[in-house]
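Shown below: run-v5.cif, with mmCIF, C-alpha atoms.
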```cif
data_target
#
loop_
_atom_site.label_atom_id
_atom_site.label_comp_id
_atom_site.auth_asym_id
_atom_site.auth_seq_id
_atom_site.Cartn_x
_atom_site.Cartn_y
_atom_site.Cartn_z
CA MET A 740 41.45 56.17 -58.99
CA GLY A 741 43.87 54.32 -56.84
CA ALA A 742 43.01 51.48 -54.56
CA THR A 743 39.45 51.71 -53.56
CA ALA A 744 38.71 51.99 -49.91
CA PRO A 745 37.06 48.90 -48.43
CA SER A 746 33.35 49.19 -48.21
CA LEU A 747 31.63 50.00 -44.96
CA ILE A 748 30.10 46.54 -44.70
CA ALA A 749 33.37 44.82 -45.40
CA ARG A 750 35.04 46.81 -42.70
CA ARG A 751 32.34 45.96 -40.26
CA ARG A 752 32.47 42.19 -40.89
CA ARG A 753 34.08 40.26 -38.11
CA PRO A 754 36.92 38.31 -39.65
CA GLU A 755 37.03 35.30 -37.31
CA ALA A 756 33.51 35.13 -35.97
CA ALA A 757 33.37 31.35 -35.69
CA VAL A 758 36.73 30.79 -34.09
CA SER A 759 37.41 33.83 -32.00
CA ASP A 760 38.30 33.10 -28.37
CA GLU A 761 35.73 35.55 -27.15
CA SER A 762 33.28 34.87 -29.88
CA GLY A 763 29.65 34.70 -28.91
CA PHE A 764 29.08 32.07 -31.53
CA VAL A 765 29.97 29.10 -29.34
CA LEU A 766 27.99 30.51 -26.44
CA ILE A 767 24.99 31.34 -28.52
CA LEU A 768 25.09 27.88 -30.04
CA VAL A 769 25.51 25.97 -26.83
CA LEU A 770 23.26 28.05 -24.63
CA PRO A 771 19.98 27.56 -26.50
CA VAL A 772 20.73 23.89 -27.02
CA ALA A 773 21.41 23.44 -23.34
CA LEU A 774 18.38 25.49 -22.34
CA MET A 775 16.08 23.62 -24.65
CA LEU A 776 17.46 20.27 -23.57
CA ILE A 777 16.95 21.21 -19.94
CA MET A 778 13.43 22.46 -20.61
CA THR A 779 12.58 19.34 -22.59
CA ALA A 780 14.03 17.10 -19.93
CA LEU A 781 12.20 18.94 -17.17
CA SER A 782 8.88 18.84 -18.99
CA LEU A 783 9.26 15.14 -19.74
CA VAL A 784 10.33 14.33 -16.23
CA SER A 785 7.37 16.26 -14.83
CA ARG A 786 5.05 14.52 -17.29
CA SER A 787 6.49 11.15 -16.36
CA ASN A 788 6.13 11.95 -12.68
CA SER A 789 2.57 13.15 -13.10
CA ALA A 790 1.73 9.93 -14.97
CA ALA A 791 3.30 7.85 -12.21
CA LEU A 792 1.49 9.89 -9.56
CA SER A 793 -1.88 9.58 -11.25
CA SER A 794 -1.29 5.86 -11.68
CA ALA A 795 -0.50 5.52 -7.98
CA ARG A 796 -3.56 7.58 -7.06
CA GLU A 797 -5.75 5.44 -9.24
CA ALA A 798 -4.41 2.28 -7.61
CA ARG A 799 -5.03 3.76 -4.15
CA ALA A 800 -8.56 4.81 -5.05
CA GLN A 801 -9.12 1.29 -6.31
CA ALA A 802 -7.84 -0.09 -3.00
CA ALA A 803 -10.32 2.15 -1.17
CA ARG A 804 -13.13 0.91 -3.40
CA MET A 805 -12.11 -2.69 -2.77
CA ALA A 806 -12.32 -1.97 0.94
CA ALA A 807 -15.85 -0.62 0.49
CA GLU A 808 -16.87 -3.69 -1.52
CA TYR A 809 -15.37 -5.93 1.15
CA GLY A 810 -17.43 -4.05 3.72
CA PHE A 811 -20.62 -4.48 1.73
CA LEU A 812 -20.18 -8.25 1.36
CA GLU A 813 -19.27 -8.66 5.03
CA MET A 814 -22.14 -6.35 5.97
CA MET A 815 -24.68 -8.76 4.49
CA GLY A 816 -23.33 -11.49 6.74
CA ARG A 817 -23.63 -9.13 9.70
CA VAL A 818 -27.20 -8.24 8.82
CA ASN A 819 -28.01 -11.97 8.84
CA SER A 820 -26.31 -12.67 12.13
CA GLU A 821 -26.11 -9.42 14.15
CA TYR A 822 -29.17 -7.33 13.34
CA ASP A 823 -31.80 -7.27 16.07
CA SER A 824 -34.68 -4.80 15.80
CA SER A 825 -35.13 -4.80 19.59
CA LYS A 826 -31.63 -3.38 20.06
CA PRO A 827 -29.80 -0.36 18.66
CA ILE A 828 -27.85 -1.02 15.50
CA THR A 829 -24.23 -1.48 16.47
CA PHE A 830 -22.54 -1.48 13.11
CA ILE A 831 -23.23 2.08 11.95
CA ASP A 832 -20.40 4.63 11.93
CA VAL A 833 -17.92 2.15 13.31
CA GLU A 834 -14.64 1.84 11.46
CA ASN A 835 -13.86 -1.82 10.84
CA ALA A 836 -10.30 -2.76 9.96
CA ILE A 837 -10.07 -5.38 7.25
CA PRO A 838 -8.35 -8.43 8.75
CA GLY A 839 -4.82 -8.90 7.49
CA SER A 840 -4.57 -5.35 6.21
CA MET A 841 -3.03 -2.52 8.20
CA THR A 842 -4.07 0.15 5.74
CA THR A 843 -7.65 -0.54 4.69
CA SER A 844 -10.92 -0.29 6.55
CA TYR A 845 -14.60 0.22 5.95
CA THR A 846 -17.39 2.08 7.71
CA ILE A 847 -21.14 1.61 7.29
CA LEU A 848 -22.39 5.17 6.93
CA ALA A 849 -26.08 4.47 6.45
CA PHE A 850 -28.49 1.59 6.95
CA SER A 851 -32.07 2.59 6.23
CA PHE A 852 -35.29 0.89 5.22
CA ASP A 853 -36.83 2.16 2.02
CA PRO A 854 -39.57 3.21 2.56
CA PRO A 855 -38.71 3.88 6.21
CA LEU A 856 -40.40 1.71 8.79
CA THR A 857 -42.80 3.71 10.88
CA ALA A 858 -43.05 3.20 14.62
CA GLY A 859 -44.54 -0.15 15.44
CA ASP A 860 -43.95 -1.55 11.96
CA ALA A 861 -41.91 -4.70 11.64
CA PRO A 862 -40.10 -5.96 8.56
CA LYS A 863 -42.14 -8.37 6.44
CA THR A 864 -41.91 -12.03 7.26
CA CYS A 865 -39.90 -14.28 4.96
CA SER A 866 -41.87 -16.57 2.70
CA ASP A 867 -40.77 -19.54 0.64
CA THR A 868 -43.39 -18.88 -2.01
CA THR A 869 -43.40 -15.09 -2.37
CA ASN A 870 -40.73 -12.47 -2.61
CA ASP A 871 -42.14 -10.47 0.28
CA GLY A 872 -39.67 -8.30 2.09
CA ASN A 873 -38.33 -4.81 2.63
CA ASP A 874 -35.67 -2.84 0.81
CA VAL A 875 -32.69 -1.58 2.76
CA ASN A 876 -30.30 1.06 1.44
CA LEU A 877 -26.69 0.87 2.49
CA SER A 878 -23.89 3.36 2.16
CA ILE A 879 -20.37 2.12 2.79
CA LEU A 880 -17.18 4.12 3.03
CA GLY A 881 -13.93 2.39 2.12
CA LYS A 882 -10.60 3.83 3.31
CA PHE A 883 -7.04 3.28 2.23
CA LYS A 884 -4.58 4.96 4.59
CA ILE A 885 -1.05 5.82 3.61
CA GLY A 886 -0.38 8.24 6.44
CA PRO A 887 -2.34 10.24 8.99
CA ASN A 888 -2.97 13.00 6.45
CA ASN A 889 -2.98 10.89 3.32
CA ILE A 890 -6.18 8.88 3.18
CA TYR A 891 -8.03 7.77 0.08
CA THR A 892 -11.77 7.19 0.44
CA GLN A 893 -14.49 5.78 -1.78
CA THR A 894 -18.18 5.54 -0.92
CA ILE A 895 -20.52 3.00 -2.51
CA SER A 896 -24.28 2.61 -2.21
CA ARG A 897 -26.08 -0.72 -2.41
CA SER A 898 -29.56 -2.11 -1.82
CA LEU A 899 -30.63 -5.27 -0.02
CA ARG A 900 -33.87 -7.18 -0.04
CA VAL A 901 -34.48 -8.36 3.50
CA CYS A 902 -37.20 -10.13 5.46
CA ALA A 903 -37.71 -11.39 8.99
CA PRO A 904 -37.49 -15.18 9.53
CA PRO A 905 -40.71 -16.56 11.07
CA SER A 906 -38.74 -18.10 13.92
CA ASN A 907 -36.95 -14.83 14.79
CA PRO A 908 -39.11 -11.84 13.85
CA ASN A 909 -36.59 -9.38 15.31
CA GLN A 910 -33.87 -10.56 12.96
CA LEU A 911 -33.32 -10.03 9.28
CA ARG A 912 -32.23 -12.27 6.43
CA VAL A 913 -30.75 -10.98 3.22
CA ARG A 914 -32.62 -12.59 0.35
CA SER A 915 -31.04 -10.72 -2.52
CA TYR A 916 -28.81 -7.75 -3.17
CA GLN A 917 -27.73 -5.40 -5.89
CA MET B 707 53.47 49.60 -30.38
CA LYS B 708 50.24 47.90 -29.71
CA THR B 709 51.85 45.27 -27.53
CA MET B 710 53.53 47.89 -25.43
CA LEU B 711 50.35 49.67 -24.51
CA PRO B 712 48.36 48.42 -21.55
CA LYS B 713 45.18 46.72 -22.51
CA GLN B 714 41.93 48.55 -21.85
CA PRO B 715 39.34 46.01 -22.84
CA ASN B 716 36.67 47.37 -20.57
CA LEU B 717 36.65 50.74 -22.21
CA GLN B 718 36.51 49.14 -25.62
CA LYS B 719 33.66 46.87 -24.61
CA ILE B 720 31.72 49.73 -23.09
CA ASN B 721 32.10 51.76 -26.23
CA ARG B 722 31.06 48.84 -28.41
CA ASN B 723 28.11 47.96 -26.22
CA GLN B 724 26.96 51.54 -26.24
CA ASN B 725 27.27 51.44 -29.98
CA LEU B 726 25.22 48.23 -30.12
CA ILE B 727 22.56 49.62 -27.79
CA LEU B 728 22.22 52.75 -29.88
CA LYS B 729 21.88 50.65 -32.96
CA ASN B 730 19.16 48.62 -31.31
CA ILE B 731 17.25 51.70 -30.28
CA ASN B 732 17.32 52.83 -33.86
CA GLY B 733 15.76 49.55 -34.85
CA LYS B 734 18.76 48.17 -36.66
CA PHE B 735 20.29 45.07 -35.19
CA PHE B 736 23.71 44.38 -36.62
CA SER B 737 25.20 42.01 -34.13
CA SER B 738 28.33 41.64 -36.20
CA LEU B 739 29.27 45.10 -35.15
CA ASN B 740 30.14 43.70 -31.78
CA GLN B 741 33.17 41.66 -32.56
CA GLU B 742 33.70 40.15 -29.16
CA ILE B 743 30.22 39.23 -28.04
CA GLY B 744 27.95 39.41 -31.00
CA SER B 745 27.20 36.94 -33.74
CA SER B 746 25.62 37.16 -37.09
CA MET B 747 22.02 36.45 -37.88
CA ILE B 748 23.17 33.42 -39.83
CA GLU B 749 24.83 32.08 -36.74
CA LEU B 750 21.72 32.71 -34.74
CA LEU B 751 19.61 30.87 -37.25
CA ILE B 752 22.03 27.93 -37.36
CA ALA B 753 22.02 27.82 -33.57
CA ALA B 754 18.24 27.84 -33.46
CA VAL B 755 17.96 25.06 -36.04
CA VAL B 756 20.55 22.92 -34.27
CA ALA B 757 18.79 23.54 -30.95
CA LEU B 758 15.47 22.49 -32.40
CA PHE B 759 16.92 19.31 -33.85
CA ALA B 760 18.68 18.48 -30.61
CA ALA B 761 15.60 19.15 -28.50
CA SER B 762 13.41 17.19 -30.87
CA ALA B 763 15.74 14.19 -30.80
CA ALA B 764 16.09 14.33 -27.04
CA ALA B 765 12.35 14.66 -26.58
CA GLN B 766 11.72 11.69 -28.83
CA ILE B 767 14.21 9.52 -26.96
CA MET B 768 12.84 10.51 -23.55
CA THR B 769 9.24 10.11 -24.68
CA ASN B 770 10.03 6.64 -25.95
CA LEU B 771 11.69 5.77 -22.66
CA HIS B 772 8.72 7.15 -20.73
CA ASN B 773 6.17 5.40 -22.90
CA SER B 774 8.00 2.11 -22.64
CA GLY B 775 7.88 2.43 -18.85
CA VAL B 776 4.18 3.24 -18.83
CA ASN B 777 3.41 0.51 -21.34
CA ARG B 778 5.37 -2.00 -19.32
CA ARG B 779 3.50 -1.08 -16.14
CA THR B 780 0.21 -1.43 -17.97
CA ALA B 781 1.26 -4.68 -19.62
CA VAL B 782 2.11 -6.16 -16.24
CA GLY B 783 -0.60 -4.59 -14.10
CA THR B 784 -3.56 -5.38 -16.31
CA PRO B 785 -3.05 -9.17 -16.55
CA ILE B 786 -2.63 -9.34 -12.77
CA ASP B 787 -5.88 -7.42 -12.22
CA VAL B 788 -7.64 -9.63 -14.76
CA ALA B 789 -6.30 -12.81 -13.14
CA ILE B 790 -7.60 -11.69 -9.73
CA SER B 791 -10.92 -10.58 -11.17
CA ASN B 792 -11.46 -13.89 -13.02
CA ASP B 793 -10.53 -15.92 -9.97
CA LEU B 794 -12.83 -13.93 -7.70
CA ALA B 795 -15.71 -14.01 -10.20
CA TRP B 796 -15.70 -17.81 -10.16
CA PHE B 797 -16.13 -17.85 -6.37
CA GLN B 798 -18.98 -15.36 -6.57
CA GLN B 799 -20.72 -17.42 -9.25
CA TYR B 800 -20.31 -20.65 -7.34
CA ALA B 801 -21.49 -18.98 -4.12
CA MET B 802 -24.73 -18.07 -5.92
CA LEU B 803 -25.33 -21.70 -6.91
CA TRP B 804 -24.18 -23.46 -3.76
CA ARG B 805 -27.08 -24.98 -1.77
CA MET B 806 -29.64 -23.56 -4.22
CA GLN B 807 -32.97 -25.40 -4.21
CA LYS B 808 -35.01 -23.12 -6.45
CA GLY B 809 -33.73 -20.58 -8.91
CA PRO B 810 -33.84 -19.23 -12.45
CA TYR B 811 -31.75 -22.01 -14.05
CA LYS B 812 -33.45 -24.82 -15.96
CA ASN B 813 -31.14 -27.48 -14.62
CA LEU B 814 -28.76 -27.42 -11.72
CA PRO B 815 -27.24 -30.80 -10.82
CA ILE B 816 -26.96 -31.76 -7.19
CA GLN B 817 -23.24 -32.17 -7.87
CA ILE B 818 -23.18 -28.38 -7.96
CA THR B 819 -25.70 -27.53 -5.27
CA LYS B 820 -24.34 -30.27 -2.99
CA THR B 821 -27.75 -30.97 -1.51
CA ASP B 822 -29.93 -34.05 -1.19
CA ILE B 823 -32.99 -32.17 -2.44
CA PRO B 824 -33.26 -31.96 -6.22
CA TYR B 825 -33.21 -28.48 -7.70
CA SER B 826 -36.28 -27.08 -9.45
CA GLN B 827 -36.71 -24.03 -11.63
CA ILE B 828 -38.85 -21.16 -10.40
CA GLN B 829 -42.16 -21.12 -12.28
CA ASN B 830 -43.59 -17.88 -10.97
CA THR B 831 -41.53 -14.73 -11.18
CA THR B 832 -42.76 -13.61 -7.78
CA GLU B 833 -41.09 -16.61 -6.18
CA PRO B 834 -37.69 -15.99 -4.63
CA ASN B 835 -34.58 -18.08 -5.04
CA GLN B 836 -34.42 -20.68 -2.30
CA TYR B 837 -31.51 -22.29 -0.52
CA VAL B 838 -31.55 -25.33 1.71
CA THR B 839 -29.53 -24.21 4.67
CA LYS B 840 -32.43 -24.03 7.11
CA GLY B 841 -31.43 -25.96 10.20
CA GLN B 842 -28.16 -27.10 8.67
CA PHE B 843 -24.97 -27.35 10.69
CA GLU B 844 -23.48 -24.58 8.54
CA CYS B 845 -25.83 -22.09 10.21
CA ASP B 846 -24.43 -22.70 13.69
CA PRO B 847 -24.18 -19.17 15.17
CA ILE B 848 -21.42 -20.30 17.51
CA ASN B 849 -19.17 -22.03 15.00
CA ILE B 850 -19.37 -19.29 12.41
CA THR B 851 -16.68 -20.83 10.21
CA ASN B 852 -18.73 -23.97 9.47
CA MET B 853 -20.39 -22.53 6.40
CA ALA B 854 -17.22 -21.16 4.84
CA ILE B 855 -15.40 -24.45 5.40
CA ALA B 856 -18.26 -26.48 3.91
CA PHE B 857 -18.39 -24.18 0.89
CA GLN B 858 -14.68 -24.46 0.26
CA LEU B 859 -14.73 -28.25 0.59
CA ASP B 860 -17.50 -28.48 -2.00
CA ALA B 861 -15.79 -25.98 -4.28
CA SER B 862 -12.57 -27.95 -4.16
CA ASN B 863 -14.38 -31.06 -5.38
CA SER B 864 -13.72 -31.37 -9.11
CA ALA B 865 -17.06 -33.14 -9.68
CA THR B 866 -18.91 -29.87 -9.15
CA TYR B 867 -17.53 -28.26 -12.29
CA THR B 868 -20.39 -28.91 -14.65
CA ALA B 869 -22.81 -26.54 -16.39
CA PRO B 870 -23.91 -23.85 -15.62
CA ILE B 871 -20.57 -23.23 -13.95
CA ASN B 872 -17.23 -23.69 -15.66
CA THR B 873 -14.06 -25.14 -14.29
CA PRO B 874 -12.40 -22.61 -11.97
CA PRO B 875 -9.52 -20.71 -13.54
CA ASN B 876 -7.21 -21.90 -10.77
CA PRO B 877 -7.21 -24.97 -8.51
CA ILE B 878 -9.06 -24.68 -5.21
CA PRO B 879 -7.44 -26.30 -2.20
CA ALA B 880 -9.62 -27.80 0.52
CA GLY B 881 -7.79 -26.01 3.30
CA ALA B 882 -6.09 -22.70 3.97
CA SER B 883 -2.99 -23.54 1.98
CA SER B 884 -1.69 -20.98 -0.47
CA GLN B 885 -2.43 -21.66 -4.12
CA SER B 886 -0.33 -20.23 -6.94
CA ILE B 887 -2.29 -18.45 -9.67
CA SER B 888 -1.04 -18.62 -13.22
CA LEU B 889 -0.08 -15.34 -14.86
CA PRO B 890 0.61 -14.57 -18.53
CA ALA B 891 4.15 -14.26 -19.86
CA ALA B 892 4.08 -10.45 -19.60
CA ALA B 893 4.02 -10.79 -15.82
CA SER B 894 6.43 -13.72 -15.60
CA GLU B 895 8.60 -11.95 -13.03
CA TYR B 896 5.67 -11.92 -10.62
CA THR B 897 4.14 -14.66 -8.54
CA LEU B 898 0.52 -14.36 -7.47
CA SER B 899 -0.92 -16.61 -4.80
CA ARG B 900 -4.35 -16.94 -3.23
CA GLN B 901 -5.41 -18.10 0.20
CA ILE B 902 -9.01 -18.93 1.17
CA LEU B 903 -10.01 -18.34 4.76
CA PRO B 904 -13.34 -18.27 6.61
CA GLY B 905 -14.58 -14.73 7.12
CA SER B 906 -15.05 -13.14 10.52
CA VAL B 907 -18.84 -13.23 10.01
CA LEU B 908 -21.08 -16.24 9.38
CA GLY B 909 -21.62 -16.81 5.67
CA THR B 910 -18.57 -14.96 4.43
CA LEU B 911 -15.35 -16.11 2.90
CA LYS B 912 -12.11 -14.17 2.93
CA ILE B 913 -9.83 -14.49 -0.07
CA VAL B 914 -6.35 -13.03 0.17
CA TYR B 915 -4.24 -12.37 -2.93
CA THR B 916 -0.51 -11.86 -2.48
CA LEU B 917 1.71 -10.54 -5.28
CA LYS B 918 5.49 -10.91 -5.16
CA LYS B 919 8.18 -9.86 -7.59
CA LEU B 920 11.30 -11.99 -7.36
CA GLY B 921 10.40 -12.76 -3.77
CA ALA B 922 9.74 -9.16 -2.74
CA LEU B 923 6.21 -8.43 -1.56
CA GLN B 924 4.31 -6.08 -3.90
CA PHE B 925 0.81 -6.09 -2.42
CA VAL B 926 -1.73 -8.03 -0.40
CA LYS B 927 -5.35 -7.63 -1.49
CA THR B 928 -8.17 -8.98 0.64
CA SER B 929 -11.57 -9.69 -0.86
CA SER B 930 -14.74 -11.07 0.63
CA VAL B 931 -17.28 -13.46 -0.85
CA TYR B 932 -20.81 -13.53 0.55
CA LEU B 933 -22.63 -16.86 0.55
CA PRO B 934 -26.31 -16.16 -0.24
CA ALA B 935 -27.24 -19.48 1.36
CA SER B 936 -26.60 -17.88 4.76
CA GLY B 937 -29.71 -15.73 4.19
CA TRP B 938 -31.85 -18.88 4.65
CA CYS B 939 -30.45 -19.84 8.03
CA SER B 940 -33.06 -19.79 10.75
#
```
Once more with this new file: its structure as structure tokens, please.
Amino acid sequence: MGATAPSLIARRRRPEAAVSDESGFVLILVLPVALMLIMTALSLVSRSNSAALSSAREARAQAARMAAEYGFLEMMGRVNSEYDSSKPITFIDVENAIPGSMTTSYTILAFSFDPPLTAGDAPKTCSDTTNDGNDVNLSILGKFKIGPNNIYTQTISRSLRVCAPPSNPNQLRVRSYQ
Amino acid sequence: MKTMLPKQPNLQKINRNQNLILKNINGKFFSSLNQEIGSSMIELLIAAVVALFAASAAAQIMTNLHNSGVNRRTAVGTPIDVAISNDLAWFQQYAMLWRMQKGPYKNLPIQITKTDIPYSQIQNTTEPNQYVTKGQFECDPINITNMAIAFQLDASNSATYTAPINTPPNPIPAGASSQSISLPAAASEYTLSRQILPGSVLGTLKIVYTLKKLGALQFVKTSSVYLPASGWCS
């Protein structure tokens, strides 16, 4: 019974695992840390970018909606001053740039009486004592252009209550809107 | 003796790797067998724990940075939107009352309507609101800016700010001069100004909001206000 031979496990144990020049310990410690840091950073950066992008898109969609609202309010003024039933409507499907803005515009997509006026019918005459009139449905497209292929659009629908002034039966006056 | 022999590391590595591969195939992973490349399971576990802590800390720091950026944008953007919305809402409310002769309100002083004809409340629900612009100079189809100018002049008169309309949130100049709009402290780096101009159509007003940050232009927003009184022109 002399000196016992070292056990199999003891012989297999790497004596300087943590400090060896070629040890995998440093690599295996640094590599996952680096990989996880990179993955975390990438995911956060992409999340941050997506948040910024969605925020920008929301702002642009809002700008397009503002353009449509601008068009609706200006449209009522045009109905009062430009509409003439004896002439074709000139303001449909025409893109109108908003003054002072190079990037926003609006287009009146639809202007229709509800119920539709049949041939020979005229809009009801305005009265100071009754709410007589006709309903008109409007559809307005607002645009916000960033580039030729990058255009944000929003469409809104509104209703007007209109009537024809006794002095000018071919014209319309907006009496209320919603 | 060992130092005199030429090194043959490749052969040794190949043998050890083959050994490791065989061990893996047999379902026994003893990485410590590979003295040059391998590491123990303890080391792997320590590495994984350290990696998790590092990633967690980094994620927390970056998330905080990101959130602070988003929160700051929201903190600045929202008060600016609210300031514009409040300012615009006052114009829309005053536009509804201006030149009104009959309407749903019980009382509406002529200091608000700016007419010679006293206001009266509608008694019958079938009656429409009425405005007194018929035949007025504001309805001139040639000088389409008359109405917008008259509206702005009346709105700029401080005597009009009585019930049912409140004092405007920001002063209203009589002309086209730019008016600064007050912003809360969160948006103190920004300056917001508003300019009132006659619209390109009779009965409309154009209001332009300009936002600058330390002098640099951020945006220009153009809004329109419709004057319901123009619907009574004839």
For this structure, which residues satisfy the selection - the PyMOL selection byres ((chain B and resi 796) around 10) - when it is evaluated on the file as given? I want them as a tab-separated table (two decimals) with C-alpha atoms, keeping the file's coordinate frame.
```tsv
chain	number	residue	atom	x	y	z
B	791	SER	CA	-10.92	-10.58	-11.17
B	792	ASN	CA	-11.46	-13.89	-13.02
B	793	ASP	CA	-10.53	-15.92	-9.97
B	794	LEU	CA	-12.83	-13.93	-7.70
B	795	ALA	CA	-15.71	-14.01	-10.20
B	797	PHE	CA	-16.13	-17.85	-6.37
B	798	GLN	CA	-18.98	-15.36	-6.57
B	799	GLN	CA	-20.72	-17.42	-9.25
B	800	TYR	CA	-20.31	-20.65	-7.34
B	801	ALA	CA	-21.49	-18.98	-4.12
B	802	MET	CA	-24.73	-18.07	-5.92
B	871	ILE	CA	-20.57	-23.23	-13.95
B	872	ASN	CA	-17.23	-23.69	-15.66
B	873	THR	CA	-14.06	-25.14	-14.29
B	874	PRO	CA	-12.40	-22.61	-11.97
B	875	PRO	CA	-9.52	-20.71	-13.54
B	876	ASN	CA	-7.21	-21.90	-10.77
```
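Minimum atom-to-atom distances from B:Thr839, B:Asn830, B:Ser894, B:Gln924 to chain A were compared using all atoms listed in the file, and the lowest value belongs to B:Asn830.
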By how many Å are CA of Phe811 in chain A and CA of Pro908 in chain A apart?
-> 23.3 Å
Could you list, as a ChimeraX atom specification, the residues of chain B having an atom within 8 Å of chain A when counting all atoms listed in the file?
-> /B:738-739,741-745,749-750,752-754,756-758,760-761,764-765,768-769,772,832-836,847,905,907-910,926,928-932,934,936-940
Can you write out the residues you just picked, keeping C-alpha atoms, as a PDB file, in the coordinates of the input?
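What follows is the written file result_3.pdb:
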```pdb
ATOM      1  CA  SER B 738      28.330  41.640 -36.200  1.00  0.00           C
ATOM      2  CA  LEU B 739      29.270  45.100 -35.150  1.00  0.00           C
ATOM      3  CA  GLN B 741      33.170  41.660 -32.560  1.00  0.00           C
ATOM      4  CA  GLU B 742      33.700  40.150 -29.160  1.00  0.00           C
ATOM      5  CA  ILE B 743      30.220  39.230 -28.040  1.00  0.00           C
ATOM      6  CA  GLY B 744      27.950  39.410 -31.000  1.00  0.00           C
ATOM      7  CA  SER B 745      27.200  36.940 -33.740  1.00  0.00           C
ATOM      8  CA  GLU B 749      24.830  32.080 -36.740  1.00  0.00           C
ATOM      9  CA  LEU B 750      21.720  32.710 -34.740  1.00  0.00           C
ATOM     10  CA  ILE B 752      22.030  27.930 -37.360  1.00  0.00           C
ATOM     11  CA  ALA B 753      22.020  27.820 -33.570  1.00  0.00           C
ATOM     12  CA  ALA B 754      18.240  27.840 -33.460  1.00  0.00           C
ATOM     13  CA  VAL B 756      20.550  22.920 -34.270  1.00  0.00           C
ATOM     14  CA  ALA B 757      18.790  23.540 -30.950  1.00  0.00           C
ATOM     15  CA  LEU B 758      15.470  22.490 -32.400  1.00  0.00           C
ATOM     16  CA  ALA B 760      18.680  18.480 -30.610  1.00  0.00           C
ATOM     17  CA  ALA B 761      15.600  19.150 -28.500  1.00  0.00           C
ATOM     18  CA  ALA B 764      16.090  14.330 -27.040  1.00  0.00           C
ATOM     19  CA  ALA B 765      12.350  14.660 -26.580  1.00  0.00           C
ATOM     20  CA  MET B 768      12.840  10.510 -23.550  1.00  0.00           C
ATOM     21  CA  THR B 769       9.240  10.110 -24.680  1.00  0.00           C
ATOM     22  CA  HIS B 772       8.720   7.150 -20.730  1.00  0.00           C
ATOM     23  CA  THR B 832     -42.760 -13.610  -7.780  1.00  0.00           C
ATOM     24  CA  GLU B 833     -41.090 -16.610  -6.180  1.00  0.00           C
ATOM     25  CA  PRO B 834     -37.690 -15.990  -4.630  1.00  0.00           C
ATOM     26  CA  ASN B 835     -34.580 -18.080  -5.040  1.00  0.00           C
ATOM     27  CA  GLN B 836     -34.420 -20.680  -2.300  1.00  0.00           C
ATOM     28  CA  PRO B 847     -24.180 -19.170  15.170  1.00  0.00           C
ATOM     29  CA  GLY B 905     -14.580 -14.730   7.120  1.00  0.00           C
ATOM     30  CA  VAL B 907     -18.840 -13.230  10.010  1.00  0.00           C
ATOM     31  CA  LEU B 908     -21.080 -16.240   9.380  1.00  0.00           C
ATOM     32  CA  GLY B 909     -21.620 -16.810   5.670  1.00  0.00           C
ATOM     33  CA  THR B 910     -18.570 -14.960   4.430  1.00  0.00           C
ATOM     34  CA  VAL B 926      -1.730  -8.030  -0.400  1.00  0.00           C
ATOM     35  CA  THR B 928      -8.170  -8.980   0.640  1.00  0.00           C
ATOM     36  CA  SER B 929     -11.570  -9.690  -0.860  1.00  0.00           C
ATOM     37  CA  SER B 930     -14.740 -11.070   0.630  1.00  0.00           C
ATOM     38  CA  VAL B 931     -17.280 -13.460  -0.850  1.00  0.00           C
ATOM     39  CA  TYR B 932     -20.810 -13.530   0.550  1.00  0.00           C
ATOM     40  CA  PRO B 934     -26.310 -16.160  -0.240  1.00  0.00           C
ATOM     41  CA  SER B 936     -26.600 -17.880   4.760  1.00  0.00           C
ATOM     42  CA  GLY B 937     -29.710 -15.730   4.190  1.00  0.00           C
ATOM     43  CA  TRP B 938     -31.850 -18.880   4.650  1.00  0.00           C
ATOM     44  CA  CYS B 939     -30.450 -19.840   8.030  1.00  0.00           C
ATOM     45  CA  SER B 940     -33.060 -19.790  10.750  1.00  0.00           C
TER      46      SER B 940
END
```
Skip Asn835 in chain A itself and residues of its chain fewer than 4 positions away, then list as a count of residues only all residues within 9 Å of it, counting only C-alpha atoms.
-> 7
Taking the file above as input, evaluate the PyMOL selection byres ((chain B and resi 883) around 10) and report the hits as a PyMOL selection string.
-> chain B and resi 878-882+884-886+899-903
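CA of Leu923 in chain B is positioned 21.4 Å from CA of Lys882 in chain A.
What the PyMOL selection byres ((chain A and resi 853) around 12) matches in the given file is Ala849, Phe850, Ser851, Phe852, Pro854, Pro855, Leu856, Thr857, Pro862, Gly872, Asn873, Asp874, Val875, Asn876, Leu877, Arg897, Ser898, Leu899, Arg900 and Val901 of chain A.
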Polymer residues at most 8 Å from range 810-824 of chain B, only C-alpha atoms, same-chain spacing of 6 or more positions, as an MDAnalysis selection string = chainID B and resid 803:804 835 838 860 865:870
Give me, please, the distance in Å between CA of Ile748 in chain B and CA of Gln766 in chain B, quoted to one decimal.
-> 26.9 Å
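Among the candidate residues A:Asn909, A:Ser896, A:Asn889, A:Gln917, the one lying nearest to Asp823 in chain A is A:Asn909, with distances computed using all atoms listed in the file.
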Distance query 10 Å from (5.3, -13.4, -4.2) using all atoms listed in the file, result as number ranges by chain = B: 886, 895-899, 915-926
